[in-house]
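Visitor: Pasting work36.pdb here (PDB, C-alpha atoms):
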ATOM      1  CA  GLU A   1      94.827  77.546 -56.306
ATOM      2  CA  ILE A   2      96.307  80.628 -58.018
ATOM      3  CA  ALA A   3      96.052  79.058 -61.488
ATOM      4  CA  ARG A   4      92.438  78.048 -60.831
ATOM      5  CA  GLY A   5      91.550  81.582 -59.664
ATOM      6  CA  ARG A   6      93.145  83.071 -62.773
ATOM      7  CA  GLU A   7      91.333  80.637 -65.039
ATOM      8  CA  LEU A   8      87.967  81.376 -63.416
ATOM      9  CA  MET A   9      88.774  85.106 -63.107
ATOM     10  CA  GLU A  10      88.029  84.966 -59.373
ATOM     11  CA  ASP A  11      89.634  87.169 -56.741
ATOM     12  CA  SER A  12      91.828  85.493 -54.162
ATOM     13  CA  PRO A  13      90.089  85.298 -50.766
ATOM     14  CA  TRP A  14      93.039  87.357 -49.425
ATOM     15  CA  ARG A  15      92.957  90.064 -52.126
ATOM     16  CA  ALA A  16      91.190  92.598 -49.877
ATOM     17  CA  ARG A  17      93.477  91.957 -46.891
ATOM     18  CA  PRO A  18      94.519  95.213 -45.133
ATOM     19  CA  VAL A  19      97.942  96.579 -46.102
ATOM     20  CA  ALA A  20      99.235  96.389 -42.500
ATOM     21  CA  GLU A  21      98.403  92.679 -42.328
ATOM     22  CA  SER A  22     100.027  92.057 -45.717
ATOM     23  CA  LEU A  23     103.207  93.807 -44.555
ATOM     24  CA  ARG A  24     103.252  91.716 -41.357
ATOM     25  CA  LEU A  25     102.855  88.511 -43.377
ATOM     26  CA  PHE A  26     105.591  89.601 -45.788
ATOM     27  CA  GLU A  27     107.925  90.123 -42.832
ATOM     28  CA  ASN A  28     107.062  86.600 -41.632
ATOM     29  CA  MET A  29     107.824  85.296 -45.138
ATOM     30  CA  ARG A  30     111.189  87.077 -45.030
ATOM     31  CA  ARG A  31     111.972  85.552 -41.630
ATOM     32  CA  GLY A  32     111.333  82.048 -42.975
ATOM     33  CA  MET A  33     108.159  81.377 -41.007
ATOM     34  CA  PHE A  34     106.376  79.770 -43.981
ATOM     35  CA  GLU A  35     107.204  76.672 -45.971
ATOM     36  CA  GLU A  36     108.305  77.068 -49.558
ATOM     37  CA  GLY A  37     105.215  77.596 -51.715
ATOM     38  CA  ALA A  38     102.938  78.302 -48.727
ATOM     39  CA  ALA A  39     102.729  82.076 -49.285
ATOM     40  CA  VAL A  40     103.353  84.589 -52.063
ATOM     41  CA  VAL A  41     102.934  88.322 -52.600
ATOM     42  CA  ARG A  42     100.884  89.199 -55.658
ATOM     43  CA  MET A  43     100.498  92.433 -57.598
ATOM     44  CA  LYS A  44      96.900  93.600 -57.427
ATOM     45  CA  ILE A  45      96.086  94.307 -61.083
ATOM     46  CA  ASP A  46      92.855  92.921 -62.586
ATOM     47  CA  MET A  47      91.545  89.374 -62.135
ATOM     48  CA  ARG A  48      89.110  89.846 -65.031
ATOM     49  CA  HIS A  49      91.655  91.087 -67.564
ATOM     50  CA  PRO A  50      91.610  89.152 -70.874
ATOM     51  CA  ASN A  51      95.392  88.701 -70.601
ATOM     52  CA  THR A  52      96.004  86.016 -67.952
ATOM     53  CA  ALA A  53      99.414  87.543 -67.141
ATOM     54  CA  MET A  54      97.543  90.593 -65.788
ATOM     55  CA  ARG A  55      95.530  88.537 -63.304
ATOM     56  CA  ASP A  56      97.411  89.443 -60.130
ATOM     57  CA  PRO A  57     100.847  88.028 -61.007
ATOM     58  CA  ILE A  58     103.228  86.909 -58.270
ATOM     59  CA  ALA A  59     105.711  89.552 -57.109
ATOM     60  CA  TYR A  60     107.525  87.585 -54.364
ATOM     61  CA  ARG A  61     107.761  83.920 -53.458
ATOM     62  CA  ILE A  62     109.540  81.838 -50.845
ATOM     63  CA  ARG A  63     112.471  79.737 -51.956
ATOM     64  CA  TYR A  64     114.876  78.034 -49.586
ATOM     65  CA  ALA A  65     117.889  77.927 -51.869
ATOM     66  CA  PRO A  66     121.173  79.781 -51.498
ATOM     67  CA  HIS A  67     121.602  82.787 -53.749
ATOM     68  CA  PRO A  68     124.883  83.004 -55.721
ATOM     69  CA  ARG A  69     125.743  86.367 -54.128
ATOM     70  CA  THR A  70     123.810  86.636 -50.850
ATOM     71  CA  GLY A  71     123.911  82.985 -49.768
ATOM     72  CA  ASP A  72     121.164  82.121 -47.256
ATOM     73  CA  ALA A  73     120.515  85.728 -46.164
ATOM     74  CA  TRP A  74     117.134  85.744 -47.898
ATOM     75  CA  CYS A  75     114.396  83.201 -48.509
ATOM     76  CA  VAL A  76     112.012  85.631 -50.249
ATOM     77  CA  TYR A  77     112.771  86.262 -53.906
ATOM     78  CA  PRO A  78     111.133  88.628 -56.397
ATOM     79  CA  SER A  79     109.605  87.133 -59.522
ATOM     80  CA  TYR A  80     110.685  87.817 -63.078
ATOM     81  CA  ASP A  81     107.367  89.609 -63.728
ATOM     82  CA  PHE A  82     108.088  91.978 -60.840
ATOM     83  CA  THR A  83     111.787  92.674 -61.400
ATOM     84  CA  HIS A  84     112.252  92.604 -65.172
ATOM     85  CA  CYS A  85     110.667  95.981 -65.862
ATOM     86  CA  LEU A  86     112.064  97.580 -62.691
ATOM     87  CA  VAL A  87     115.666  96.649 -63.509
ATOM     88  CA  ASP A  88     115.248  97.726 -67.127
ATOM     89  CA  SER A  89     113.826 101.072 -66.001
ATOM     90  CA  LEU A  90     116.406 101.717 -63.269
ATOM     91  CA  GLU A  91     119.224 100.894 -65.680
ATOM     92  CA  ARG A  92     117.631 103.127 -68.341
ATOM     93  CA  ILE A  93     117.531 100.314 -70.883
ATOM     94  CA  THR A  94     116.263 101.738 -74.175
ATOM     95  CA  HIS A  95     115.063  98.434 -75.685
ATOM     96  CA  SER A  96     114.213  95.345 -73.652
ATOM     97  CA  LEU A  97     114.621  92.358 -75.948
ATOM     98  CA  CYS A  98     112.679  89.199 -75.073
ATOM     99  CA  THR A  99     111.865  85.971 -76.831
ATOM    100  CA  LEU A 100     108.295  85.497 -78.010
ATOM    101  CA  GLU A 101     107.168  83.431 -74.997
ATOM    102  CA  PHE A 102     107.322  86.654 -72.939
ATOM    103  CA  GLU A 103     105.016  88.599 -75.271
ATOM    104  CA  ILE A 104     101.988  87.877 -73.060
ATOM    105  CA  ARG A 105     103.830  89.515 -70.134
ATOM    106  CA  ARG A 106     104.309  92.890 -71.870
ATOM    107  CA  ASP A 107     101.041  94.287 -70.444
ATOM    108  CA  ALA A 108     102.173  93.552 -66.867
ATOM    109  CA  TYR A 109     105.628  94.998 -67.638
ATOM    110  CA  TYR A 110     104.108  98.299 -68.777
ATOM    111  CA  TRP A 111     101.472  98.283 -66.007
ATOM    112  CA  LEU A 112     104.043  98.182 -63.192
ATOM    113  CA  ILE A 113     106.215 100.849 -64.851
ATOM    114  CA  ALA A 114     103.150 103.126 -65.140
ATOM    115  CA  ALA A 115     101.950 102.360 -61.584
ATOM    116  CA  LEU A 116     105.339 103.428 -60.214
ATOM    117  CA  ASP A 117     105.684 106.355 -62.654
ATOM    118  CA  MET A 118     109.082 105.124 -63.852
ATOM    119  CA  TYR A 119     111.002 105.454 -67.102
ATOM    120  CA  ARG A 120     109.459 103.168 -69.751
ATOM    121  CA  PRO A 121     111.795 101.155 -71.996
ATOM    122  CA  PHE A 122     110.573  99.825 -75.328
ATOM    123  CA  VAL A 123     109.869  96.069 -75.241
ATOM    124  CA  TRP A 124     110.558  94.073 -78.364
ATOM    125  CA  GLU A 125     109.854  90.361 -78.657
ATOM    126  CA  PHE A 126     111.599  88.229 -81.247
ATOM    127  CA  ALA A 127     111.924  84.595 -82.246
ATOM    128  CA  ARG A 128     114.606  82.559 -80.494
ATOM    129  CA  LEU A 129     118.096  83.431 -81.590
ATOM    130  CA  ASN A 130     120.600  80.647 -82.142
ATOM    131  CA  LEU A 131     124.264  81.546 -82.178
ATOM    132  CA  GLU A 132     126.851  79.235 -83.712
ATOM    133  CA  ARG A 133     129.580  77.921 -81.383
ATOM    134  CA  THR A 134     127.923  79.639 -78.405
ATOM    135  CA  VAL A 135     126.096  78.020 -75.504
ATOM    136  CA  VAL A 136     122.929  80.031 -74.800
ATOM    137  CA  SER A 137     120.969  77.565 -72.653
ATOM    138  CA  LYS A 138     120.779  78.813 -69.054
ATOM    139  CA  ARG A 139     120.770  75.181 -67.898
ATOM    140  CA  LYS A 140     123.977  74.432 -69.814
ATOM    141  CA  LEU A 141     125.608  77.690 -68.707
ATOM    142  CA  LEU A 142     124.795  76.844 -65.090
ATOM    143  CA  ALA A 143     126.448  73.444 -65.577
ATOM    144  CA  LEU A 144     129.615  75.212 -66.786
ATOM    145  CA  VAL A 145     129.597  77.470 -63.708
ATOM    146  CA  ARG A 146     129.003  74.566 -61.294
ATOM    147  CA  ALA A 147     131.739  72.476 -62.932
ATOM    148  CA  HIS A 148     134.134  75.449 -62.575
ATOM    149  CA  ALA A 149     134.778  75.316 -66.328
ATOM    150  CA  VAL A 150     134.451  79.125 -66.160
ATOM    151  CA  ARG A 151     135.271  81.534 -63.316
ATOM    152  CA  GLY A 152     131.583  82.255 -62.666
ATOM    153  CA  TRP A 153     128.713  84.218 -64.182
ATOM    154  CA  ASP A 154     131.014  87.225 -64.617
ATOM    155  CA  ASP A 155     133.559  85.271 -66.664
ATOM    156  CA  PRO A 156     134.110  87.214 -69.920
ATOM    157  CA  ARG A 157     133.649  84.004 -71.922
ATOM    158  CA  MET A 158     130.017  83.789 -70.789
ATOM    159  CA  PRO A 159     127.635  85.097 -73.492
ATOM    160  CA  THR A 160     125.626  88.253 -72.816
ATOM    161  CA  LEU A 161     123.252  90.364 -74.825
TER     162      LEU A 161
END
Take the structure from the file and write it as structure tokens.
Guide:
Amino acid sequence: EIARGRELMEDSPWRARPVAESLRLFENMRRGMFEEGAAVVRMKIDMRHPNTAMRDPIAYRIRYAPHPRTGDAWCVYPSYDFTHCLVDSLERITHSLCTLEFEIRRDAYYWLIAALDMYRPFVWEFARLNLERTVVSKRKLLALVRAHAVRGWDDPRMPTL
């Protein structure tokens, strides 16, 4: 439904919902009163923007999966589009380096930073980097963590950038 609305540049039927009702529904999401995928919170940007990533991207979604640090305390998780720029700004990152597949998301990154009047890091996209003798696949790194081949995500042998 969301993808179709973005493709047709049509507003969601719930886009004009009052803020108080949205906050009540978000609280119900947080309490686990919806099934996974049944409700999301979207950023109200511009459904007619030429960049599809600017067409009201998802900020929060429901996911019933334990978090590595908080366990089952939460079932509502922020999206990458919502948190990436916020974390970079709060941590005063000077240059946010991303692979080219995230280039389309730069407009939304800068939009949220401007909307919240926060520090604006420089975003730089680049082609995928391959390192010799280093595992960089998140899927393969997760397998190492789950197999206890490393002490966890904070193990100093885990690659970081």
Visitor: Which is closer to Ala114 (chain A) than all the others in A:Cys85, A:Ala127, A:Val136, A:Cys75, using all atoms listed in the file?
Guide: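 Under the stated criterion, the closest residue is A:Cys85.
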Visitor: Of the candidates A:Lys44, A:Arg92, A:His49, A:Arg63, which shows the shortest atom-to-atom distance to Gly32 (chain A), using only C-alpha atoms?
Guide: A:Arg63
Visitor: Which of these residues is nearest to Glu125 (chain A), using all atoms listed in the file: A:Arg139, A:His95, A:Trp153, A:Ala147?
Guide: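 With all atoms listed in the file as the atom set, the closest residue is A:His95.
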Visitor: What's the separation between CA of Pro18 (chain A) and CA of Ile113 (chain A), in Å to one decimal place?
Guide: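 Atom-to-atom, CA of Pro18 (chain A) to CA of Ile113 (chain A), that is 23.6 Å.
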Visitor: Evaluate the PyMOL selection byres ((chain A and resi 105) around 9) and record the selected residues as a PyMOL selection string, following the chain and residue labels used in the document.
Guide: chain A and resi 51-54+81+101-104+106-110
Visitor: Rank nothing, just name the residue among A:Leu25, A:Leu141, A:Leu97, A:Ala59 nearest to Val123 (chain A), using all atoms listed in the file.
Guide: A:Leu97
Visitor: Might you pull out every residue within 10 Å of Ala38 (chain A), with all atoms listed in the file counted and same-chain residues fewer than 4 positions away left off, and present them as number ranges by chain?
Guide: A: 29, 33-34, 61-62
Visitor: A:Ile93, A:Ile2, A:Cys98, A:Leu8: which is nearest Ile58 (chain A), counting only C-alpha atoms?
Guide: A:Ile2
Visitor: For this file, the PyMOL selection byres ((chain A and resi 45) around 8) selects which residues, as JSON, numbers by chain?
Guide: {"A": [43, 44, 46, 47, 54, 55, 56, 57]}
Visitor: Store the residues picked out above in a file with C-alpha atoms, as a CSV table (one decimal), keeping the file's coordinate frame.
Guide:
chain,number,residue,atom,x,y,z
A,43,MET,CA,100.5,92.4,-57.6
A,44,LYS,CA,96.9,93.6,-57.4
A,46,ASP,CA,92.9,92.9,-62.6
A,47,MET,CA,91.5,89.4,-62.1
A,54,MET,CA,97.5,90.6,-65.8
A,55,ARG,CA,95.5,88.5,-63.3
A,56,ASP,CA,97.4,89.4,-60.1
A,57,PRO,CA,100.8,88.0,-61.0
Visitor: Pick from A:Pro50, A:Asp154, A:Thr99, A:Ser89: nearest to Leu129 (chain A), with all atoms listed in the file counted?
Guide: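 When distances to Leu129 (chain A) are compared using all atoms listed in the file, the smallest one comes from A:Thr99.
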Visitor: Can you measure CA of Pro159 (chain A) to CA of Arg146 (chain A) for me? One decimal in Å is fine.
Guide: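 Answer for the CA of Pro159 (chain A) to CA of Arg146 (chain A) separation: 16.2 Å.
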Visitor: Give me, please, the distance in Å between CA of Glu35 (chain A) and CA of Leu86 (chain A), quoted to one decimal.
Guide: 27.2 Å
Visitor: What's around Asp72 (chain A) at 12 Å? Count all atoms listed in the file, leave out sequence neighbours fewer than 4 positions away in its own chain, and write the answer as a VMD selection string.
Guide: chain A and resid 30 to 32 63 to 68 76 to 77
Visitor: Can you find the residues with an atom no farther than 7 Å from (114.2, 104.0, -67.7), counting all atoms listed in the file, and report them as a list of chain:residue names?
Guide: A:Asp88, A:Ser89, A:Leu90, A:Glu91, A:Arg92, A:Ile93, A:Met118, A:Tyr119, A:Arg120, A:Pro121
Visitor: Residues at most 12 Å from Arg157 (chain A), counting all atoms listed in the file, excluding those fewer than 4 positions away in the same chain, as a list in words?
Guide: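 Counting all atoms listed in the file, the residues come to Arg133, Thr134, Val135, Val136, Leu141, Leu144, Val145, Ala149, Val150, Arg151, Gly152 and Trp153 of chain A.
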Visitor: Could you put an axis-aligned box around every listed atom of region 56-71 of chain A, padded by 6 Å on each side, and send me its centre and edge lengths in Å to one decimal, as lines of an AutoDock Vina configuration file?
Guide:
center_x = 111.6
center_y = 83.7
center_z = -55.3
size_x = 40.3
size_y = 23.6
size_z = 23.4
Visitor: At the level of C-alpha atoms, write region 33-135 of chain A to a file as a PDB file, in the first residue's frame, please.
Guide:
ATOM      1  CA  MET A  33      -1.373  -3.771  20.257  1.00  0.00           C
ATOM      2  CA  PHE A  34      -0.738  -4.145  16.508  1.00  0.00           C
ATOM      3  CA  GLU A  35       0.632  -7.045  14.517  1.00  0.00           C
ATOM      4  CA  GLU A  36       4.024  -6.687  12.903  1.00  0.00           C
ATOM      5  CA  GLY A  37       3.623  -4.699   9.683  1.00  0.00           C
ATOM      6  CA  ALA A  38       0.097  -3.510  10.558  1.00  0.00           C
ATOM      7  CA  ALA A  39       1.106   0.066  11.447  1.00  0.00           C
ATOM      8  CA  VAL A  40       4.017   2.437  10.874  1.00  0.00           C
ATOM      9  CA  VAL A  41       4.863   6.058  11.629  1.00  0.00           C
ATOM     10  CA  ARG A  42       5.872   8.054   8.577  1.00  0.00           C
ATOM     11  CA  MET A  43       7.650  11.382   8.209  1.00  0.00           C
ATOM     12  CA  LYS A  44       5.363  13.867   6.499  1.00  0.00           C
ATOM     13  CA  ILE A  45       7.591  15.286   3.750  1.00  0.00           C
ATOM     14  CA  ASP A  46       6.247  15.514   0.178  1.00  0.00           C
ATOM     15  CA  MET A  47       4.348  12.768  -1.654  1.00  0.00           C
ATOM     16  CA  ARG A  48       4.905  14.532  -4.988  1.00  0.00           C
ATOM     17  CA  HIS A  49       8.666  14.945  -4.659  1.00  0.00           C
ATOM     18  CA  PRO A  50      10.634  13.614  -7.669  1.00  0.00           C
ATOM     19  CA  ASN A  51      12.867  11.650  -5.274  1.00  0.00           C
ATOM     20  CA  THR A  52      10.838   8.642  -4.076  1.00  0.00           C
ATOM     21  CA  ALA A  53      12.827   8.555  -0.812  1.00  0.00           C
ATOM     22  CA  MET A  54      11.211  11.909   0.070  1.00  0.00           C
ATOM     23  CA  ARG A  55       7.677  10.549  -0.260  1.00  0.00           C
ATOM     24  CA  ASP A  56       6.825  10.223   3.428  1.00  0.00           C
ATOM     25  CA  PRO A  57       9.463   7.665   4.462  1.00  0.00           C
ATOM     26  CA  ILE A  58       8.859   5.354   7.413  1.00  0.00           C
ATOM     27  CA  ALA A  59      10.199   6.610  10.749  1.00  0.00           C
ATOM     28  CA  TYR A  60       9.043   3.758  13.035  1.00  0.00           C
ATOM     29  CA  ARG A  61       7.823   0.227  12.441  1.00  0.00           C
ATOM     30  CA  ILE A  62       6.715  -2.699  14.571  1.00  0.00           C
ATOM     31  CA  ARG A  63       9.051  -5.648  14.873  1.00  0.00           C
ATOM     32  CA  TYR A  64       8.610  -8.452  17.372  1.00  0.00           C
ATOM     33  CA  ALA A  65      12.237  -9.481  17.664  1.00  0.00           C
ATOM     34  CA  PRO A  66      14.523  -9.167  20.671  1.00  0.00           C
ATOM     35  CA  HIS A  67      17.023  -6.336  20.517  1.00  0.00           C
ATOM     36  CA  PRO A  68      20.670  -7.217  21.312  1.00  0.00           C
ATOM     37  CA  ARG A  69      20.762  -4.708  24.190  1.00  0.00           C
ATOM     38  CA  THR A  70      17.169  -4.089  25.317  1.00  0.00           C
ATOM     39  CA  GLY A  71      15.736  -7.575  24.763  1.00  0.00           C
ATOM     40  CA  ASP A  72      11.929  -7.561  24.433  1.00  0.00           C
ATOM     41  CA  ALA A  73      11.425  -4.163  26.111  1.00  0.00           C
ATOM     42  CA  TRP A  74      10.424  -2.575  22.808  1.00  0.00           C
ATOM     43  CA  CYS A  75       8.538  -3.704  19.726  1.00  0.00           C
ATOM     44  CA  VAL A  76       8.683  -0.326  17.941  1.00  0.00           C
ATOM     45  CA  TYR A  77      11.945   0.391  16.152  1.00  0.00           C
ATOM     46  CA  PRO A  78      13.114   3.502  14.299  1.00  0.00           C
ATOM     47  CA  SER A  79      14.049   3.145  10.648  1.00  0.00           C
ATOM     48  CA  TYR A  80      17.462   3.769   9.150  1.00  0.00           C
ATOM     49  CA  ASP A  81      16.075   6.809   7.286  1.00  0.00           C
ATOM     50  CA  PHE A  82      14.946   8.313  10.593  1.00  0.00           C
ATOM     51  CA  THR A  83      17.949   7.524  12.793  1.00  0.00           C
ATOM     52  CA  HIS A  84      20.959   7.738  10.480  1.00  0.00           C
ATOM     53  CA  CYS A  85      21.068  11.524  10.266  1.00  0.00           C
ATOM     54  CA  LEU A  86      20.033  12.022  13.906  1.00  0.00           C
ATOM     55  CA  VAL A  87      22.835   9.829  15.265  1.00  0.00           C
ATOM     56  CA  ASP A  88      25.373  11.418  12.929  1.00  0.00           C
ATOM     57  CA  SER A  89      24.278  14.888  14.047  1.00  0.00           C
ATOM     58  CA  LEU A  90      24.158  14.099  17.775  1.00  0.00           C
ATOM     59  CA  GLU A  91      27.606  12.514  17.593  1.00  0.00           C
ATOM     60  CA  ARG A  92      28.902  15.508  15.602  1.00  0.00           C
ATOM     61  CA  ILE A  93      30.108  13.310  12.757  1.00  0.00           C
ATOM     62  CA  THR A  94      31.913  15.517  10.238  1.00  0.00           C
ATOM     63  CA  HIS A  95      31.548  13.188   7.225  1.00  0.00           C
ATOM     64  CA  SER A  96      28.908  10.478   6.933  1.00  0.00           C
ATOM     65  CA  LEU A  97      30.240   7.886   4.511  1.00  0.00           C
ATOM     66  CA  CYS A  98      27.692   5.694   2.716  1.00  0.00           C
ATOM     67  CA  THR A  99      27.777   3.309  -0.196  1.00  0.00           C
ATOM     68  CA  LEU A 100      26.154   4.461  -3.422  1.00  0.00           C
ATOM     69  CA  GLU A 101      22.827   2.671  -2.838  1.00  0.00           C
ATOM     70  CA  PHE A 102      22.087   5.279  -0.136  1.00  0.00           C
ATOM     71  CA  GLU A 103      22.614   8.259  -2.457  1.00  0.00           C
ATOM     72  CA  ILE A 104      18.865   8.550  -3.116  1.00  0.00           C
ATOM     73  CA  ARG A 105      18.310   8.935   0.649  1.00  0.00           C
ATOM     74  CA  ARG A 106      20.546  12.017   1.017  1.00  0.00           C
ATOM     75  CA  ASP A 107      17.620  14.425   0.458  1.00  0.00           C
ATOM     76  CA  ALA A 108      15.655  12.862   3.341  1.00  0.00           C
ATOM     77  CA  TYR A 109      18.796  12.879   5.522  1.00  0.00           C
ATOM     78  CA  TYR A 110      19.257  16.624   5.014  1.00  0.00           C
ATOM     79  CA  TRP A 111      15.506  17.330   5.245  1.00  0.00           C
ATOM     80  CA  LEU A 112      15.172  15.858   8.748  1.00  0.00           C
ATOM     81  CA  ILE A 113      18.340  17.607   9.969  1.00  0.00           C
ATOM     82  CA  ALA A 114      16.958  20.942   8.691  1.00  0.00           C
ATOM     83  CA  ALA A 115      13.449  20.293  10.083  1.00  0.00           C
ATOM     84  CA  LEU A 116      14.931  19.729  13.546  1.00  0.00           C
ATOM     85  CA  ASP A 117      17.495  22.545  13.182  1.00  0.00           C
ATOM     86  CA  MET A 118      20.375  20.209  14.040  1.00  0.00           C
ATOM     87  CA  TYR A 119      24.057  20.135  13.148  1.00  0.00           C
ATOM     88  CA  ARG A 120      24.484  19.008   9.519  1.00  0.00           C
ATOM     89  CA  PRO A 121      27.256  16.518   8.704  1.00  0.00           C
ATOM     90  CA  PHE A 122      28.576  16.212   5.165  1.00  0.00           C
ATOM     91  CA  VAL A 123      27.302  13.078   3.387  1.00  0.00           C
ATOM     92  CA  TRP A 124      29.613  11.374   0.943  1.00  0.00           C
ATOM     93  CA  GLU A 125      28.620   8.326  -1.077  1.00  0.00           C
ATOM     94  CA  PHE A 126      31.223   6.008  -2.544  1.00  0.00           C
ATOM     95  CA  ALA A 127      31.440   2.704  -4.372  1.00  0.00           C
ATOM     96  CA  ARG A 128      31.561  -0.438  -2.245  1.00  0.00           C
ATOM     97  CA  LEU A 129      34.847  -0.917  -0.478  1.00  0.00           C
ATOM     98  CA  ASN A 130      36.360  -4.382  -0.316  1.00  0.00           C
ATOM     99  CA  LEU A 131      39.003  -5.036   2.296  1.00  0.00           C
ATOM    100  CA  GLU A 132      41.371  -7.986   2.014  1.00  0.00           C
ATOM    101  CA  ARG A 133      41.254 -10.562   4.833  1.00  0.00           C
ATOM    102  CA  THR A 134      38.347  -8.703   6.466  1.00  0.00           C
ATOM    103  CA  VAL A 135      34.724  -9.794   6.699  1.00  0.00           C
TER     104      VAL A 135
END
